[in-house]
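Asks: Take this structure, written in structure tokens, and hold onto it; I'll ask about it next.
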Amino acid sequence: MDGQQEMSGNQLIDAGMDEDVSYLGPSARCVLFTLEDEIYGIHVKKIREVLRVGKIREVAGTPANVLGVINVRGVIVTVVDTRIIYGMPPKPVTDLSRIIIVEIDDENTVGMMVDFVMEVKDIPESKFEALSSTKENASRYIQGIAHYQDNVIILVDVDNMLTQLE
Amino acid sequence: MDEDILQDFLVEATELVDQLNEQLVDLEHSPDDRDLLNAVFRGFHTIKGGAGFLGITPLIEVCHRAENVFDKIRNGEVEYDAVTADVILRAFDIISDAIVQLNDGQRDLPENDPGLLSELDALTKKQHAPDVAAADENMTDEPKLQLAEGLDPDGEITDDEFEALLNQRDSLEGAGAASESSEAGDSTPKVELTLDEGLDPDGEISDDEFEALLNQRDMLEMAAMDSEMPPEPEPKPVEEAIPAAVVPKKEPEPAPKKVATKAESSPAKAPSKNTAESTVRVDTKRLDEIMNLVGELVLVRNRLLTLRTTQGSSEDLSNAVANLDHVTTDLQTSVMKTRMQPVKKVFGRFPRVVRDLARKLGKEIDLELRGEETDLDKNLVEALADPLVHLVRNSVDHGIEMPEDRAQAGKPRKGTVILAAEQEGDHILLSITDDGKGMDPDVLRQKAVEKGMMDEMTANQLDDKSAFELIMSAGFSTADQISDISGRGVGMDVVKSMITKLNGSIDIHSVLGEGTRMSIRVPLTLAILPTLMVSFEEDNYAIPLTSVQEIFDFDPEKTNKIDGQMMVRLRDKSIPLYFLGEWLTPGQQKDSYAEDKVVIVSIGNQRVGLVVEQVNGQEEVVIKPLGMMLKKVPGYAGATITGNGSIALILDLPGVIHRFQY
């Protein structure tokens, strides 16, 4: 047992010795999803679950970024079109589309319709950088970006986004 | 200030304040009721104790003085008459406000009005030669009291002994203050404060401990005074194991055996750390019931699961489903019951409201409460409070006549207002009845014409009932206009709209010269709503059934356009028509509405026709909130899940009408 533990410790250090030094530092576990060709990330602690797209009940009189409401085991959850929030044209739902149920607080959840959910990944916090310039409305909902493994991951500022939408 | 302890204190104090509110008014009616008097005394005393422990000085000051006054009253030295009651009630208001403020998160209470404090002080001195304050305090120092409990080693404390203990403590305080520190009675709060600081509670104190500490503080005072020692926090270590004293980790507990007994006999215990607002107390019996039903539910599920794998006969299946139906219905009822609270919670405040108002107006009024134990959904209990206060005030203010007028009219000088609650099927009926002067429908008709609400002919056609309902129209009842006719009604339209919001209705019955009765009907619960399901293609909408008056086929022959607004003729009346589809399915062009249905609904005192594609029938639905993002979208009261699992939106009729009218 001891040996094994030591080994795994060594592995960590080895990994640290690698190019990716920041493995040692704290990291944030994120769900990565895509809109068009861009990769976005949301911290897992904000996410309750990811659902396939079922029937969405439209609600007349709501803003354009609200797709409607769904029934999640007896709770009515509002679904927003994440594409519209980030200024992209709407796109019909495909087999790959998913609804990410995001927790706002203990009682409130919101569903975010996204094009595709990729994976859950630990991203070293040292990779994050704040956005240098704030341009347009959309930047309000971006907490920062991370360059990681040849990708640019846009970190969604969930709290800000959903309070703005309220 | 320790937040946890404060929260515990607030829960207890809130309860005590509610009780005192009623007890104080009762006491005025029966000043000789010893038990009541003692209960009131204890109420102030307990609040003072808690406040003292937490160092909330403004509260202590008032409670202490109120307590002193009641001590005098108990000893027959002061009478609890209307004048005394006025001052006490004002003091009580200060306490009650302070508790509310603390509950709201405010931590710095305003200083007390010195005028009130000295008035309270004056009460205790009222019927004595104004010698020295100390001498005054010493009056209570009756030897027999001291004897009665000077030592009570058996540890069994009866109610009387408990009272005596309280008495003794007070007199000792007085004596001690006078002889030891040669200060007047006013210094007593300071004594307690010193003690509190000495004890210095540092977090993590359980409810029991809290109780024990409070009591211990009292005992300390007593002990200190008894042995003629200054009240120092140098307590003797625990001599005997006391349930409450086992838990603490730090300070030595100076609690003799008596204290434990006292702690246990203390009635109100804070049940949780949460604020009273968001918690409900539930009888464990009800929880057991639910647990039992959930057990049943699991059994049914197991049966169904077995049936699925073994492909049992359809009879087995339908038996299981029937069982499921039963269990869920029972479970629903049981769970709903946990949310129920006796209507007493609302009624409790009325004796005071009526008493104050009657005194201000110089009227003599008896308030009778009936059916206080009727259970009602917690939300409803809270929502009904304001409208009821309004109606009761109206009865007292406008309904009941001045004593002289009543005597002249051959009625007893004392008017009676009856506030009653009873369950009526799945509704609760609340009524406010007064034996006052009633309303004159003719005056109301005339007033409506004067106000330009209708012409004389329409007004004269109104039957009496409709005439009474005029007082609930917006704009009819402003204070000025209403007070010179026989009516009632500051803001009756507001009351009406509040009741409507609760899916309730209000009904007025009045006989000129004999009195008025207002009846309010509200559903037992706000969670379940009987609705009419309508739909547009696939999409279901639920209309609250209480508003629905009738349904008929859309007939183009009977409609016409007046000033741009479609109207439908119904028994010689024209009712505006709103095509819900224009809003709910925008962009869809409809050639013909011939297949559609018209649902006539009444909102407030207007009737409108809603044109819908299909009417699917009645359904009882569970209201689910739409979530914070859609909460502000007008026209919806929530959503629900229908039998086939799809979502139906519940329409909020006032919001819908607003959409179409503006």
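Each chain in the structure tokens gets a letter, A, B and so on, in the order shown; residues start at 1 in every chain, and ligands are counted from 1 in the order they appear.
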Near Thr34 of chain A, counting only C-alpha atoms, which residues have an atom at most 7 Å away, once you skip same-chain residues fewer than 3 positions from it, shown as a list in words?
Replies: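 Selected residues are Asp37, Glu38, Ile39, Tyr40, Val114, Asp115, Phe116 and Val117 of chain A.
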Asks: Hey, can you spit out that residue selection with C-alpha atoms as a short mmCIF file (atom, residue, chain, number, x, y, z; two decimals), in the first residue's frame?
Replies:
data_model
loop_
_atom_site.label_atom_id
_atom_site.label_comp_id
_atom_site.auth_asym_id
_atom_site.auth_seq_id
_atom_site.Cartn_x
_atom_site.Cartn_y
_atom_site.Cartn_z
CA ASP A 37 -16.39 26.60 -32.77
CA GLU A 38 -15.64 28.12 -29.43
CA ILE A 39 -15.05 26.17 -26.26
CA TYR A 40 -16.64 27.37 -23.04
CA VAL A 114 -25.57 24.53 -25.68
CA ASP A 115 -24.47 22.99 -28.98
CA PHE A 116 -22.38 20.17 -27.59
CA VAL A 117 -20.97 19.05 -24.25
#
Asks: Excluding segment 56-70 of chain A and residues on its chain fewer than 4 positions from it, collect all residues at most 9 Å away from it, counting only C-alpha atoms, and give them as a ChimeraX atom specification.
Replies: /A:75-85,111,113,165 /B:539,583-586,626,629-630,633-635,646-649
Asks: If you keep C-alpha atoms, can you produce a file of those selected residues as a short mmCIF file (atom, residue, chain, number, x, y, z; two decimals), in the first residue's frame?
Replies:
data_model
loop_
_atom_site.label_atom_id
_atom_site.label_comp_id
_atom_site.auth_asym_id
_atom_site.auth_seq_id
_atom_site.Cartn_x
_atom_site.Cartn_y
_atom_site.Cartn_z
CA VAL A 75 -39.46 21.40 -10.97
CA ILE A 76 -40.09 23.95 -13.68
CA VAL A 77 -36.77 25.19 -15.05
CA THR A 78 -36.30 28.05 -17.46
CA VAL A 79 -34.11 27.28 -20.46
CA VAL A 80 -32.06 30.05 -22.03
CA ASP A 81 -30.41 30.01 -25.42
CA THR A 82 -26.75 30.40 -24.61
CA ARG A 83 -26.01 31.18 -28.26
CA ILE A 84 -28.13 34.30 -28.18
CA ILE A 85 -26.60 35.39 -24.90
CA GLY A 111 -31.03 25.52 -18.02
CA MET A 113 -28.95 25.22 -24.08
CA LEU A 165 -30.86 38.01 -17.38
CA ASP B 539 -50.17 23.93 -25.51
CA TRP B 583 -50.81 36.75 -27.40
CA LEU B 584 -50.05 33.09 -26.81
CA THR B 585 -49.47 32.00 -30.41
CA PRO B 586 -48.15 35.13 -32.06
CA LEU B 626 -41.93 29.68 -12.89
CA MET B 629 -36.17 34.58 -14.59
CA LEU B 630 -39.79 34.36 -15.67
CA VAL B 633 -43.27 38.11 -17.14
CA PRO B 634 -46.84 39.36 -16.77
CA GLY B 635 -49.81 37.10 -17.35
CA SER B 646 -46.37 18.07 -20.17
CA ILE B 647 -46.24 21.55 -18.76
CA ALA B 648 -49.31 23.76 -18.54
CA LEU B 649 -48.95 27.44 -17.82
#
Asks: Between A:Ala130, A:Ile145, A:Val110, A:Ile123, single out the one closest to chain B, counting only C-alpha atoms.
Replies: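 So, comparing all the options, the nearest one is A:Val110.
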Asks: Could you tell me which of B:Leu532, B:Leu651, B:Ile603, B:Leu419 comes closest to chain A if we count only C-alpha atoms?
Replies: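 Nearest candidate to chain A out of B:Leu532, B:Leu651, B:Ile603, B:Leu419: B:Leu651.
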Asks: Using only C-alpha atoms, which residues sit within 9 Å of segment 343-357 of chain B once same-chain residues fewer than 4 positions away are excluded, as an NGL selection string?
Replies: :B and (18-19 or 21-22 or 24-26 or 86 or 89 or 361-369 or 371-377 or 381-382 or 384-385 or 388-389 or 392-393 or 396-397 or 417 or 419-421)
Asks: Step one, run DSSP on the backbone; step two, keep only residues of segment 59-153 of chain A assigned to strand (DSSP E); then write them as a ChimeraX atom specification.
Replies: /A:66-72,75-81,98-103,109-114,116-124,128-129,142-148,151-153
Asks: Pick out the residues sitting within 9 Å of segment 498-512 of chain B, and hand them over as a PyMOL selection string; count only C-alpha atoms, and ignore anything fewer than 4 positions along from it in its own chain.
Replies: chain B and resi 380+383-384+386-387+427+436-441+464-465+468-469+493-494+516-523+526+529+544-547+603-604
Asks: Give me, as a list of chain:residue names, all polymer residues having an atom no more than 9 Å from Phe92 of chain B, counting only C-alpha atoms and skipping those fewer than 3 positions away in the same chain.
Replies: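 These residues fall inside the cut-off: B:Val17, B:Leu20, B:Asn21, B:Phe44, B:Val62, B:Cys63, B:Ala66, B:Val87, B:Ile88, B:Leu89, B:Ile95, B:Ser96, B:Asp97.
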Asks: For C-alpha atoms, I'd like the residues from the last selection saved as an mmCIF file, in the first residue's frame.
Replies:
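Saved result, selection-v6.cif, follows:
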data_model
loop_
_atom_site.group_PDB
_atom_site.id
_atom_site.type_symbol
_atom_site.label_atom_id
_atom_site.label_comp_id
_atom_site.auth_asym_id
_atom_site.auth_seq_id
_atom_site.Cartn_x
_atom_site.Cartn_y
_atom_site.Cartn_z
ATOM 1 C CA VAL B 17 -44.944 38.734 22.266
ATOM 2 C CA LEU B 20 -48.768 38.859 25.470
ATOM 3 C CA ASN B 21 -50.569 40.745 22.764
ATOM 4 C CA PHE B 44 -42.217 40.155 30.451
ATOM 5 C CA VAL B 62 -38.833 48.505 29.266
ATOM 6 C CA CYS B 63 -39.384 44.903 30.289
ATOM 7 C CA ALA B 66 -43.332 46.560 32.938
ATOM 8 C CA VAL B 87 -49.027 52.826 29.181
ATOM 9 C CA ILE B 88 -48.315 49.110 29.406
ATOM 10 C CA LEU B 89 -49.502 48.560 25.871
ATOM 11 C CA ILE B 95 -40.868 45.553 22.951
ATOM 12 C CA SER B 96 -42.745 44.118 20.029
ATOM 13 C CA ASP B 97 -41.139 46.595 17.630
#
Asks: List as number ranges by chain the protein and nucleic acid residues near Val53 of chain A, meaning an atom at most 9 Å away when only C-alpha atoms are counted, but skip any in the same chain fewer than 2 places from it.
Replies: A: 51, 55-56, 93-99, 113
Asks: Neighbours of Asp113 of chain B within 10 Å (only C-alpha atoms; same-chain residues fewer than 4 positions away dropped), as a ChimeraX atom specification?
Replies: /B:58,62,91,94,117-118
Asks: Could you give me the residues within segment 424-613 of chain B that DSSP places in helix (DSSP H, G or I), as a PyMOL selection string?
Replies: chain B and resi 441-450+456-461+464-472+479-483+492-501+545-547+556-558+580-584
Asks: When you draw a straight line from atom CA of Val40 of chain B to atom CA of Asp71 of chain B, how long is it in Å?
Replies: 10.2 Å
Asks: Calculate how many Å separate atom CA of Asn323 of chain B from atom CA of Arg73 of chain A, rounding to one decimal.
Replies: 22.4 Å
Asks: Provide the atom CA of Asn108 of chain A to atom CA of Met628 of chain B distance in Å, to one decimal place.
Replies: 7.0 Å
Asks: Looking at B:Ile73, B:Val449, B:Met567, B:Ile641, which one is nearest to Met533 of chain B, with distances taken over only C-alpha atoms?
Replies: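 Of the candidates, the smallest distance to Met533 of chain B is held by B:Ile641.
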